[in-house]
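So this one's query.cif, mmCIF, C-alpha atoms:
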data_run
#
loop_
_atom_site.label_atom_id
_atom_site.label_comp_id
_atom_site.auth_asym_id
_atom_site.auth_seq_id
_atom_site.Cartn_x
_atom_site.Cartn_y
_atom_site.Cartn_z
CA MET A 547 0.00 0.00 0.00
CA SER A 548 1.83 3.00 -1.21
CA LEU A 549 1.58 6.43 0.29
CA HIS A 550 1.26 7.76 -3.20
CA TYR A 551 -1.92 5.77 -3.81
CA ILE A 552 -3.40 6.93 -0.52
CA SER A 553 -2.68 10.57 -1.31
CA GLU A 554 -4.45 10.06 -4.64
CA ILE A 555 -7.70 8.79 -3.10
CA LEU A 556 -7.68 11.19 -0.13
CA PRO A 557 -9.48 14.07 -1.88
CA SER A 558 -12.53 11.92 -2.67
CA ILE A 559 -12.42 10.40 0.83
CA PHE A 560 -12.35 13.87 2.38
CA SER A 561 -15.20 15.03 0.25
CA GLY A 562 -17.22 11.96 1.40
CA CYS A 563 -16.24 12.84 4.95
CA GLY A 564 -17.68 16.32 4.43
CA VAL A 565 -21.07 14.87 3.45
CA THR A 566 -21.03 12.54 6.46
CA LEU A 567 -20.11 15.35 8.86
CA SER A 568 -22.63 17.86 7.54
CA LEU A 569 -25.37 15.21 7.75
CA PHE A 570 -24.21 14.49 11.30
CA PHE A 571 -24.35 18.13 12.43
CA TRP A 572 -27.65 19.00 10.79
CA THR A 573 -29.27 15.88 12.19
CA LEU A 574 -28.13 16.67 15.73
CA LEU A 575 -29.10 20.32 15.40
CA GLY A 576 -32.61 19.35 14.32
CA SER A 577 -33.30 16.19 16.27
CA LEU A 578 -32.13 17.20 19.76
CA PRO A 579 -34.54 20.17 20.16
CA LEU A 580 -37.30 18.24 18.37
CA GLY A 581 -36.68 15.29 20.67
CA ILE A 582 -37.02 17.48 23.80
CA LEU A 583 -40.29 18.94 22.48
CA VAL A 584 -41.67 15.48 21.67
CA SER A 585 -40.63 14.21 25.12
CA LEU A 586 -42.57 17.03 26.80
CA GLY A 587 -45.54 16.06 24.62
CA LEU A 588 -45.16 12.40 25.61
CA ASN A 589 -45.44 13.50 29.25
CA SER A 590 -48.39 15.79 28.50
CA ARG A 591 -51.75 15.46 30.24
CA PHE A 592 -53.52 15.88 26.90
CA ALA A 593 -54.14 12.26 25.86
CA PRO A 594 -54.66 12.71 22.07
CA LEU A 595 -51.26 14.41 21.84
CA ARG A 596 -49.67 11.50 23.69
CA TRP A 597 -51.29 8.98 21.33
CA ILE A 598 -50.17 10.78 18.21
CA LEU A 599 -46.61 11.11 19.49
CA ASN A 600 -46.54 7.49 20.61
CA VAL A 601 -47.57 6.40 17.11
CA TYR A 602 -44.83 8.63 15.69
CA VAL A 603 -42.21 7.09 18.01
CA TRP A 604 -43.50 3.60 17.21
CA LEU A 605 -43.22 4.19 13.45
CA MET A 606 -39.75 5.71 13.67
CA ARG A 607 -38.33 3.05 15.96
CA GLY A 608 -40.36 0.23 14.49
CA THR A 609 -39.16 0.45 10.91
CA PRO A 610 -35.59 0.39 9.55
CA LEU A 611 -33.98 3.78 8.98
CA LEU A 612 -32.98 2.46 5.55
CA LEU A 613 -36.64 1.95 4.68
CA GLN A 614 -37.48 5.44 5.93
CA LEU A 615 -34.77 6.92 3.71
CA ILE A 616 -36.08 5.07 0.67
CA PHE A 617 -39.62 6.07 1.53
CA VAL A 618 -38.80 9.77 1.85
CA PHE A 619 -36.75 9.95 -1.36
CA TYR A 620 -38.55 7.48 -3.66
CA GLY A 621 -41.95 7.15 -1.99
CA LEU A 622 -43.05 10.67 -1.12
CA PRO A 623 -42.69 11.98 -4.71
CA ILE A 624 -45.68 9.74 -5.56
CA TRP A 625 -47.73 12.21 -3.47
CA GLY A 626 -45.96 15.16 -5.00
CA ILE A 627 -43.51 15.73 -2.13
CA VAL A 628 -40.10 15.89 -3.76
CA PHE A 629 -36.86 16.36 -1.82
CA GLN A 630 -33.36 16.76 -3.13
CA ARG A 631 -31.21 13.78 -2.17
CA TYR A 632 -29.39 15.58 0.61
CA HIS A 633 -32.53 17.20 2.01
CA ALA A 634 -34.32 13.85 1.97
CA ALA A 635 -31.49 12.34 4.01
CA VAL A 636 -31.46 15.19 6.58
CA PHE A 637 -35.27 15.06 6.85
CA ALA A 638 -35.38 11.30 7.42
CA PHE A 639 -32.48 11.36 9.89
CA ILE A 640 -33.90 14.23 11.96
CA PHE A 641 -37.29 12.58 12.35
CA ASN A 642 -35.78 9.19 13.08
CA TYR A 643 -33.29 10.40 15.66
CA ALA A 644 -35.79 12.77 17.32
CA ALA A 645 -37.92 9.73 18.19
CA TYR A 646 -35.02 8.04 19.97
CA PHE A 647 -34.00 11.27 21.72
CA ALA A 648 -37.61 11.87 22.79
CA GLU A 649 -37.75 8.50 24.53
CA ILE A 650 -34.44 9.19 26.26
CA PHE A 651 -35.56 12.63 27.47
CA ARG A 652 -38.97 11.30 28.53
CA GLY A 653 -37.21 8.84 30.80
CA GLY A 654 -34.98 11.63 32.10
CA PHE A 655 -37.90 13.91 32.98
CA GLN A 656 -39.78 11.06 34.64
CA SER A 657 -36.84 10.16 36.85
CA ILE A 658 -36.92 13.54 38.60
CA ASP A 659 -38.54 13.06 41.99
CA ASP A 660 -41.86 14.82 42.66
CA GLY A 661 -40.24 16.14 45.84
CA GLN A 662 -38.06 18.44 43.73
CA TYR A 663 -41.14 20.10 42.22
CA GLU A 664 -42.83 20.29 45.63
CA ALA A 665 -39.80 21.84 47.33
CA ALA A 666 -39.53 24.40 44.51
CA ARG A 667 -43.24 25.19 44.69
CA LEU A 668 -43.16 25.82 48.43
CA LEU A 669 -40.22 28.18 47.92
CA GLY A 670 -42.43 30.16 45.54
CA LEU A 671 -40.61 29.27 42.31
CA SER A 672 -42.66 29.32 39.12
CA TYR A 673 -42.99 26.21 36.96
CA GLY A 674 -40.64 27.70 34.35
CA GLN A 675 -38.01 28.58 36.97
CA THR A 676 -38.27 25.08 38.42
CA ILE A 677 -37.79 23.45 35.00
CA ARG A 678 -34.87 25.71 34.03
CA LYS A 679 -32.88 25.89 37.24
CA ILE A 680 -33.62 22.55 38.87
CA VAL A 681 -35.08 19.97 36.48
CA ILE A 682 -33.19 20.50 33.21
CA PRO A 683 -29.67 20.33 34.74
CA GLN A 684 -30.56 17.04 36.43
CA VAL A 685 -32.20 15.63 33.30
CA VAL A 686 -29.21 16.54 31.14
CA LYS A 687 -26.87 14.75 33.51
CA ILE A 688 -29.07 11.65 33.47
CA VAL A 689 -29.42 11.46 29.67
CA ILE A 690 -25.84 12.22 28.59
CA PRO A 691 -24.66 8.57 28.39
CA SER A 692 -27.71 7.45 26.37
CA ILE A 693 -27.56 10.49 24.09
CA GLY A 694 -23.86 9.74 23.60
CA ASN A 695 -24.70 6.24 22.36
CA GLU A 696 -27.09 7.64 19.79
CA VAL A 697 -24.62 10.30 18.68
CA ILE A 698 -22.00 7.64 18.01
CA ASN A 699 -24.56 5.49 16.18
CA LEU A 700 -25.44 8.49 14.05
CA VAL A 701 -21.87 8.82 12.74
CA LYS A 702 -22.10 5.28 11.39
CA ASP A 703 -25.80 5.29 10.43
CA SER A 704 -25.03 8.18 8.10
CA SER A 705 -23.46 5.59 5.77
CA LEU A 706 -27.01 4.41 4.92
CA VAL A 707 -27.45 7.40 2.62
CA TYR A 708 -25.65 5.48 -0.16
CA VAL A 709 -29.08 3.97 -0.90
CA ILE A 710 -30.37 7.26 -2.24
CA GLY A 711 -27.17 7.94 -4.12
CA LEU A 712 -25.41 10.38 -1.81
CA GLY A 713 -21.62 10.33 -1.84
CA ASP A 714 -20.74 9.91 1.82
CA LEU A 715 -17.51 8.62 3.33
CA LEU A 716 -18.23 4.90 2.96
CA ARG A 717 -19.39 5.33 -0.63
CA ALA A 718 -16.19 7.17 -1.49
CA GLY A 719 -14.17 4.23 -0.17
CA ASN A 720 -16.40 1.71 -1.90
CA VAL A 721 -16.05 3.40 -5.26
CA ALA A 722 -12.26 3.47 -5.01
CA THR A 723 -12.11 -0.17 -3.87
CA ALA A 724 -14.22 -1.35 -6.79
CA ARG A 725 -12.27 0.72 -9.30
CA ASP A 726 -8.74 -0.10 -8.14
CA VAL A 727 -9.34 -3.61 -6.79
CA THR A 728 -7.68 -2.96 -3.44
CA LEU A 729 -8.87 -2.91 0.16
CA VAL A 730 -6.74 0.12 1.01
CA PRO A 731 -9.56 2.68 0.55
CA LEU A 732 -11.79 0.76 2.96
CA LEU A 733 -9.01 0.71 5.55
CA VAL A 734 -8.60 4.45 5.17
CA VAL A 735 -12.37 4.86 5.54
CA ALA A 736 -12.33 2.73 8.69
CA LEU A 737 -9.59 4.96 10.11
CA MET A 738 -11.65 8.06 9.34
CA TYR A 739 -14.69 6.62 11.14
CA LEU A 740 -12.54 5.65 14.12
CA LEU A 741 -11.10 9.14 14.23
CA MET A 742 -14.56 10.76 14.16
CA ILE A 743 -15.82 8.40 16.87
CA ALA A 744 -12.75 9.15 18.99
CA ILE A 745 -13.44 12.87 18.76
CA CYS A 746 -17.12 12.33 19.65
CA THR A 747 -16.18 10.15 22.61
CA TRP A 748 -13.71 12.76 23.83
CA GLY A 749 -16.34 15.50 23.54
CA LEU A 750 -18.97 13.41 25.31
CA ASN A 751 -16.56 12.63 28.13
CA ARG A 752 -15.93 16.31 28.58
CA VAL A 753 -19.64 17.06 28.81
CA GLU A 754 -20.04 14.21 31.29
CA LYS A 755 -17.21 15.59 33.42
CA ARG A 756 -18.79 19.03 33.37
CA TYR A 757 -21.81 17.52 35.11
CA ALA A 758 -19.81 15.34 37.51
CA TYR A 759 -19.86 17.94 40.29
CA PHE A 760 -23.23 16.77 41.55
CA LYS A 761 -24.85 13.40 42.13
CA MET B 166 -51.76 32.40 64.75
CA LEU B 167 -52.74 29.57 62.45
CA THR B 168 -56.17 27.98 62.82
CA VAL B 169 -57.44 24.96 60.93
CA ARG B 170 -61.05 23.86 61.38
CA ASN B 171 -62.74 20.64 60.32
CA LEU B 172 -60.22 19.52 57.75
CA ASN B 173 -61.38 16.49 55.75
CA LYS B 174 -59.54 14.46 53.18
CA ALA B 175 -60.33 11.14 51.56
CA PHE B 176 -58.36 9.14 49.01
CA ASN B 177 -60.38 6.79 46.79
CA GLY B 178 -63.30 6.85 49.19
CA ARG B 179 -61.13 6.11 52.21
CA GLN B 180 -61.30 8.84 54.84
CA ILE B 181 -57.76 9.81 55.87
CA LEU B 182 -58.49 13.02 57.79
CA ASP B 183 -61.79 13.29 59.60
CA ASN B 184 -62.67 16.78 60.88
CA VAL B 185 -59.19 17.60 62.11
CA SER B 186 -58.83 20.96 63.87
CA LEU B 187 -55.73 22.59 65.25
CA THR B 188 -54.29 25.92 66.35
CA VAL B 189 -50.68 27.09 66.40
CA ASN B 190 -49.92 30.23 68.40
CA ASP B 191 -47.21 32.60 67.23
CA GLY B 192 -43.81 31.50 68.47
CA ASP B 193 -45.07 28.12 69.62
CA VAL B 194 -44.05 24.63 68.61
CA LEU B 195 -46.96 22.34 67.80
CA CYS B 196 -46.20 18.64 67.48
CA ILE B 197 -48.61 16.37 65.68
CA VAL B 198 -47.92 12.86 66.93
CA GLY B 199 -49.31 9.56 65.81
CA PRO B 200 -48.43 6.16 64.36
CA SER B 201 -47.57 5.78 60.70
CA GLY B 202 -50.67 5.52 58.57
CA ALA B 203 -52.56 7.98 60.73
CA GLY B 204 -52.51 10.61 57.98
CA LYS B 205 -50.01 12.98 59.58
CA THR B 206 -48.15 13.64 56.35
CA THR B 207 -51.43 14.08 54.48
CA LEU B 208 -52.45 16.61 57.12
CA LEU B 209 -49.25 18.59 56.56
CA ARG B 210 -49.65 18.37 52.77
CA CYS B 211 -53.23 19.69 53.00
CA ILE B 212 -52.25 22.58 55.29
CA THR B 213 -49.33 23.63 53.09
CA GLY B 214 -51.34 23.25 49.88
CA LEU B 215 -49.41 20.38 48.30
CA GLU B 216 -52.63 18.38 48.46
CA ALA B 217 -56.15 19.78 48.05
CA ALA B 218 -58.33 19.29 51.14
CA ASP B 219 -61.89 18.06 50.53
CA SER B 220 -63.19 20.59 53.03
CA GLY B 221 -61.89 22.72 55.87
CA GLU B 222 -61.35 26.24 57.02
CA PHE B 223 -57.88 27.82 57.14
CA LYS B 224 -57.09 31.08 58.89
CA LEU B 225 -53.90 32.96 59.56
CA ASN B 226 -54.29 35.75 62.13
CA ASP B 227 -58.08 35.55 61.63
CA GLN B 228 -57.75 36.00 57.87
CA SER B 229 -58.97 33.14 55.71
CA PHE B 230 -56.54 31.73 53.19
CA ASP B 231 -56.49 29.04 50.54
CA PRO B 232 -53.48 26.74 51.05
CA GLN B 233 -53.43 25.89 47.34
CA THR B 234 -52.65 29.47 46.37
CA ASP B 235 -51.21 31.03 49.54
CA GLY B 236 -49.38 28.05 51.01
CA GLU B 237 -45.97 29.03 49.64
CA ARG B 238 -46.27 32.53 51.10
CA ILE B 239 -47.08 31.27 54.60
CA PHE B 240 -45.22 28.01 55.05
CA GLY B 241 -41.69 26.74 54.80
CA VAL B 242 -41.34 22.98 54.77
CA VAL B 243 -38.47 20.73 55.80
CA PHE B 244 -39.30 17.49 54.00
CA GLN B 245 -38.66 14.05 55.42
CA ASP B 246 -35.88 13.36 52.92
CA PHE B 247 -35.13 17.09 52.61
CA ASN B 248 -35.55 17.37 48.80
CA LEU B 249 -32.45 19.53 48.46
CA PHE B 250 -31.59 20.48 44.88
CA PRO B 251 -28.66 18.17 44.08
CA ASN B 252 -27.34 20.33 41.24
CA LEU B 253 -26.92 23.38 43.48
CA SER B 254 -24.38 24.03 46.23
CA VAL B 255 -25.48 24.62 49.81
CA ASN B 256 -25.30 28.37 49.31
CA GLU B 257 -27.15 28.19 45.98
CA ASN B 258 -29.85 26.01 47.53
CA ILE B 259 -30.42 28.71 50.14
CA THR B 260 -30.18 31.75 47.84
CA LEU B 261 -32.07 30.42 44.80
CA ALA B 262 -35.57 31.41 45.92
CA PRO B 263 -34.58 34.76 47.49
CA ARG B 264 -32.93 35.68 44.19
CA LEU B 265 -35.59 34.38 41.79
CA VAL B 266 -38.72 35.05 43.85
CA GLN B 267 -37.85 38.00 46.09
CA LYS B 268 -35.57 39.40 43.36
CA LEU B 269 -32.70 40.07 45.75
CA SER B 270 -29.31 40.81 44.24
CA VAL B 271 -26.65 38.12 44.53
CA ALA B 272 -24.85 40.17 47.19
CA GLU B 273 -27.98 40.70 49.30
CA ALA B 274 -29.03 37.07 49.03
CA ASP B 275 -25.50 35.89 49.90
CA GLN B 276 -25.38 38.18 52.90
CA LYS B 277 -28.71 36.90 54.27
CA ALA B 278 -27.76 33.31 53.53
CA GLY B 279 -24.42 33.87 55.26
CA LYS B 280 -26.23 34.78 58.48
CA LEU B 281 -28.38 31.65 58.33
CA GLU B 282 -25.34 29.50 57.51
CA GLN B 283 -23.55 30.91 60.56
CA GLU B 284 -26.52 30.28 62.83
CA LEU B 285 -26.98 26.73 61.62
CA GLY B 286 -23.31 25.78 61.54
CA LEU B 287 -23.12 25.51 57.75
CA GLY B 288 -20.37 28.07 57.16
CA GLN B 289 -17.76 25.36 56.49
CA VAL B 290 -19.85 23.53 53.90
CA LYS B 291 -21.53 26.39 52.06
CA ASP B 292 -19.75 25.62 48.78
CA GLN B 293 -20.31 21.89 48.97
CA TYR B 294 -23.04 19.94 47.19
CA PRO B 295 -25.81 17.94 48.87
CA TRP B 296 -24.20 14.55 48.14
CA GLN B 297 -21.16 15.60 50.18
CA LEU B 298 -23.17 16.35 53.32
CA SER B 299 -24.17 14.22 56.30
CA GLY B 300 -27.86 13.71 57.05
CA GLY B 301 -27.80 16.28 59.83
CA GLN B 302 -26.14 18.87 57.59
CA LYS B 303 -28.67 18.22 54.82
CA GLN B 304 -31.45 18.83 57.28
CA ARG B 305 -29.93 22.12 58.41
CA VAL B 306 -29.58 23.19 54.77
CA ALA B 307 -33.26 22.37 54.26
CA ILE B 308 -34.10 24.48 57.34
CA ALA B 309 -31.93 27.38 56.14
CA ARG B 310 -33.45 27.17 52.65
CA ALA B 311 -36.96 27.39 54.10
CA LEU B 312 -36.08 30.16 56.59
CA ALA B 313 -34.48 32.27 53.85
CA MET B 314 -37.97 32.92 52.51
CA LYS B 315 -39.12 34.14 55.94
CA PRO B 316 -42.13 31.84 56.27
CA GLN B 317 -44.74 32.58 58.93
CA ILE B 318 -44.62 28.96 60.01
CA LEU B 319 -41.83 26.44 59.57
CA CYS B 320 -43.09 22.86 59.13
CA TYR B 321 -41.18 19.60 59.48
CA ASP B 322 -42.20 16.18 58.22
CA GLU B 323 -40.67 13.52 60.50
CA PRO B 324 -37.50 15.49 61.32
CA THR B 325 -35.91 12.58 63.22
CA SER B 326 -36.66 9.66 60.93
CA ALA B 327 -33.93 10.14 58.32
CA LEU B 328 -31.24 10.76 60.94
CA ASP B 329 -29.02 8.73 63.22
CA PRO B 330 -30.82 8.15 66.54
CA ASN B 331 -28.07 10.01 68.40
CA LEU B 332 -28.76 13.13 66.33
CA ARG B 333 -32.27 13.33 67.75
CA ASP B 334 -31.21 15.53 70.63
CA GLU B 335 -29.34 17.83 68.27
CA VAL B 336 -32.51 18.37 66.25
CA ALA B 337 -34.47 19.05 69.42
CA LYS B 338 -31.89 21.63 70.51
CA LEU B 339 -32.01 23.31 67.11
CA ILE B 340 -35.81 23.49 67.14
CA LEU B 341 -35.76 25.05 70.62
CA LYS B 342 -33.10 27.53 69.50
CA LEU B 343 -35.23 28.59 66.53
CA LYS B 344 -38.18 28.90 68.90
CA GLN B 345 -36.17 31.29 71.06
CA GLY B 346 -35.55 33.32 67.92
CA GLY B 347 -39.32 33.59 67.50
CA THR B 348 -39.93 31.01 64.77
CA THR B 349 -43.36 29.37 64.83
CA GLN B 350 -43.00 25.67 64.13
CA LEU B 351 -45.29 22.78 63.25
CA ILE B 352 -43.78 19.32 63.54
CA ILE B 353 -45.08 15.98 62.31
CA THR B 354 -43.52 13.04 64.17
CA HIS B 355 -44.20 9.49 65.33
CA ASP B 356 -41.67 9.93 68.14
CA MET B 357 -43.55 10.82 71.32
CA GLU B 358 -40.44 11.24 73.44
CA PHE B 359 -38.99 13.72 70.93
CA ALA B 360 -42.30 15.57 70.70
CA GLN B 361 -42.49 16.00 74.45
CA LYS B 362 -39.03 17.53 74.45
CA VAL B 363 -39.82 20.29 71.98
CA ALA B 364 -43.57 20.86 71.95
CA ASP B 365 -45.58 23.62 73.57
CA GLN B 366 -48.66 21.83 72.33
CA LEU B 367 -49.25 18.20 71.37
CA LEU B 368 -51.91 16.98 69.00
CA GLN B 369 -52.37 13.24 68.86
CA VAL B 370 -53.87 11.65 65.76
CA GLU B 371 -54.97 8.04 65.40
CA ALA B 372 -55.45 5.99 62.29
CA ILE B 373 -59.12 6.05 61.35
CA ASN B 374 -60.43 2.53 61.45
CA ASP B 375 -63.30 2.42 59.02
CA GLY B 376 -63.48 -1.35 59.07
CA GLN B 377 -61.55 -1.80 55.85
CA ASP B 378 -58.22 -2.93 57.28
#

Using structure tokens, write down the structure that the file contains.
Amino acid sequence: MSLHYISEILPSIFSGCGVTLSLFFWTLLGSLPLGILVSLGLNSRFAPLRWILNVYVWLMRGTPLLLQLIFVFYGLPIWGIVFQRYHAAVFAFIFNYAAYFAEIFRGGFQSIDDGQYEAARLLGLSYGQTIRKIVIPQVVKIVIPSIGNEVINLVKDSSLVYVIGLGDLLRAGNVATARDVTLVPLLVVALMYLLMIAICTWGLNRVEKRYAYFK
Amino acid sequence: MLTVRNLNKAFNGRQILDNVSLTVNDGDVLCIVGPSGAGKTTLLRCITGLEAADSGEFKLNDQSFDPQTDGERIFGVVFQDFNLFPNLSVNENITLAPRLVQKLSVAEADQKAGKLEQELGLGQVKDQYPWQLSGGQKQRVAIARALAMKPQILCYDEPTSALDPNLRDEVAKLILKLKQGGTTQLIITHDMEFAQKVADQLLQVEAINDGQD
């Protein structure tokens, strides 16, 4: 495996990496807030809202992400809803990941003891103040490890977008492997994934440490 | 002076409180004593507004009030397991409500909290977090947090049950010290001996036997 060959395939690998990373960031940016909103809805007293959101979570977690991608890009146009490839991928990923995040946050909110709300109420704090200053910091601490798992999954799940013809990192490696009949591109791709996961893990550990001051 | 008349509360058709009446004079310590299951905690929750009473009359200094809406203005509560905010330091636990509710500046709130911390022996631990504290310290933080809002009446739910037995006398001393400072206190306990040590008035409650148990 010559360094010269590697330097020749690197530009296409990097460009695939760019697609993977941008998909990763946009998905997180969209699905985390959406997930928190859905989790509040799942805990709502308004039953019809809970049912609708439960069906949404069931659909998203109950069918393969690959199928959802195909459905959004090839299926929705039948009803006149047409996405560009990249937008279809971001759309499908945000709605899929929001469902998982919603379930994680729902568990986090439910694990806060009623006594915390009661103590806050008797001190005269409003509901909003209680949520912001007391509940959210505790929920965040509780959900970090589970969110971290999903974030790391997302890096690798992004490779599913090959099915709608997007040129992500894995596809870039695949193309080079098929063309040049060598496994070297796939090894380089594996290294890139490992590097991205290492950075994510490092970042997640830092966030976890930031919340380690209380128990 | 707090007066409660004919307080009733039932859960799922089972009467827990049956026409309970009580009076707490300013500066006094009232102990409500009874076995577990007698509805003592429910009584406290109804008086402070955490639970809605089915019926009853509540008066503070001859003025009627509704615990559900006015409870937080009148009462401070030291919960059985304290319910400190784990994500906040001792000092932040005490100053949070004065800052957010009374809109005190950080400096003012810190100064008032500092006084309470001194009085309650919390000066050394004011920057620590609840998980680092002993049971007795947690309880004193809960007391300081409640007192910081200057409640008319300070209530305790089973103040001795979460503590080492040998800390019982310490709690009694602290309650008497607060009484000397003029704090009106209402205490729920199953511990008769403890109650007799601190109470000006005792109210005994029994479990209502309606033939279902």

Non-local contacts of A:Tyr643 (9 Å; all atoms listed in the file; under 4 positions in same chain excluded) as a PyMOL selection string: chain A and resi 573-574+577-578+581+606-607+638-639+647-648+696+700

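For chain A, the residues within 8 Å of chain B are Gly661, Gln662, Glu664, Ala665, Arg667, Leu668, Leu669, Gly670, Leu671, Gln675, Ile680, Pro683, Gln684, Tyr759, Phe760 and Lys761 of chain A, with all atoms listed in the file used to measure distance.
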
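Distances to B:Pro330 were evaluated for B:Phe359, B:Thr349, B:Gln304, B:Ser186 using all atoms listed in the file, and the minimum falls at B:Phe359.
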
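For the pair atom CA of B:Ile340 and atom CA of B:Asn190, the separation is 15.7 Å.
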
Write out as a PyMOL selection string which residues come within 9 Å of B:Ile212 when counting all atoms listed in the file, dropping same-chain ones fewer than 2 positions away. chain B and resi 169+172+207-210+214-218+223+232-233+236+240

When you get a chance, write out N, CA, C and O atoms for stretch 637-652 of chain A, as a compact mmCIF listing (two decimals), keeping the file's coordinate frame.
# COMPACT_ATOMS: atom_id res chain seq x y z
N PHE A 637 -33.89 15.16 6.37
CA PHE A 637 -35.27 15.06 6.85
C PHE A 637 -35.51 13.71 7.55
O PHE A 637 -35.98 13.65 8.68
N ALA A 638 -35.14 12.64 6.86
CA ALA A 638 -35.38 11.30 7.42
C ALA A 638 -34.58 11.10 8.71
O ALA A 638 -35.10 10.58 9.71
N PHE A 639 -33.32 11.54 8.70
CA PHE A 639 -32.48 11.36 9.89
C PHE A 639 -33.00 12.17 11.08
O PHE A 639 -33.02 11.68 12.21
N ILE A 640 -33.41 13.41 10.85
CA ILE A 640 -33.90 14.23 11.96
C ILE A 640 -35.12 13.58 12.61
O ILE A 640 -35.19 13.41 13.82
N PHE A 641 -36.08 13.15 11.76
CA PHE A 641 -37.29 12.58 12.35
C PHE A 641 -37.04 11.24 13.00
O PHE A 641 -37.66 10.90 14.01
N ASN A 642 -36.11 10.47 12.45
CA ASN A 642 -35.78 9.19 13.08
C ASN A 642 -35.08 9.40 14.42
O ASN A 642 -35.48 8.84 15.43
N TYR A 643 -34.07 10.22 14.42
CA TYR A 643 -33.29 10.40 15.66
C TYR A 643 -34.09 11.14 16.73
O TYR A 643 -33.93 10.88 17.92
N ALA A 644 -34.97 12.06 16.32
CA ALA A 644 -35.79 12.77 17.32
C ALA A 644 -36.63 11.79 18.13
O ALA A 644 -36.84 11.98 19.33
N ALA A 645 -37.10 10.72 17.48
CA ALA A 645 -37.92 9.73 18.19
C ALA A 645 -37.09 9.05 19.29
O ALA A 645 -37.56 8.89 20.42
N TYR A 646 -35.88 8.67 18.96
CA TYR A 646 -35.02 8.04 19.97
C TYR A 646 -34.68 9.03 21.09
O TYR A 646 -34.73 8.70 22.27
N PHE A 647 -34.34 10.26 20.71
CA PHE A 647 -34.00 11.27 21.72
C PHE A 647 -35.20 11.56 22.61
O PHE A 647 -35.07 11.75 23.82
N ALA A 648 -36.40 11.59 22.01
CA ALA A 648 -37.61 11.87 22.79
C ALA A 648 -37.79 10.83 23.88
O ALA A 648 -38.10 11.16 25.03
N GLU A 649 -37.60 9.56 23.53
CA GLU A 649 -37.75 8.50 24.53
C GLU A 649 -36.71 8.64 25.63
O GLU A 649 -37.00 8.42 26.80
N ILE A 650 -35.50 9.02 25.25
CA ILE A 650 -34.44 9.19 26.26
C ILE A 650 -34.79 10.34 27.20
O ILE A 650 -34.71 10.22 28.42
N PHE A 651 -35.22 11.47 26.63
CA PHE A 651 -35.56 12.63 27.47
C PHE A 651 -36.80 12.36 28.32
O PHE A 651 -36.89 12.80 29.47
N ARG A 652 -37.76 11.62 27.75
CA ARG A 652 -38.97 11.30 28.53
C ARG A 652 -38.56 10.56 29.80
O ARG A 652 -39.01 10.87 30.90
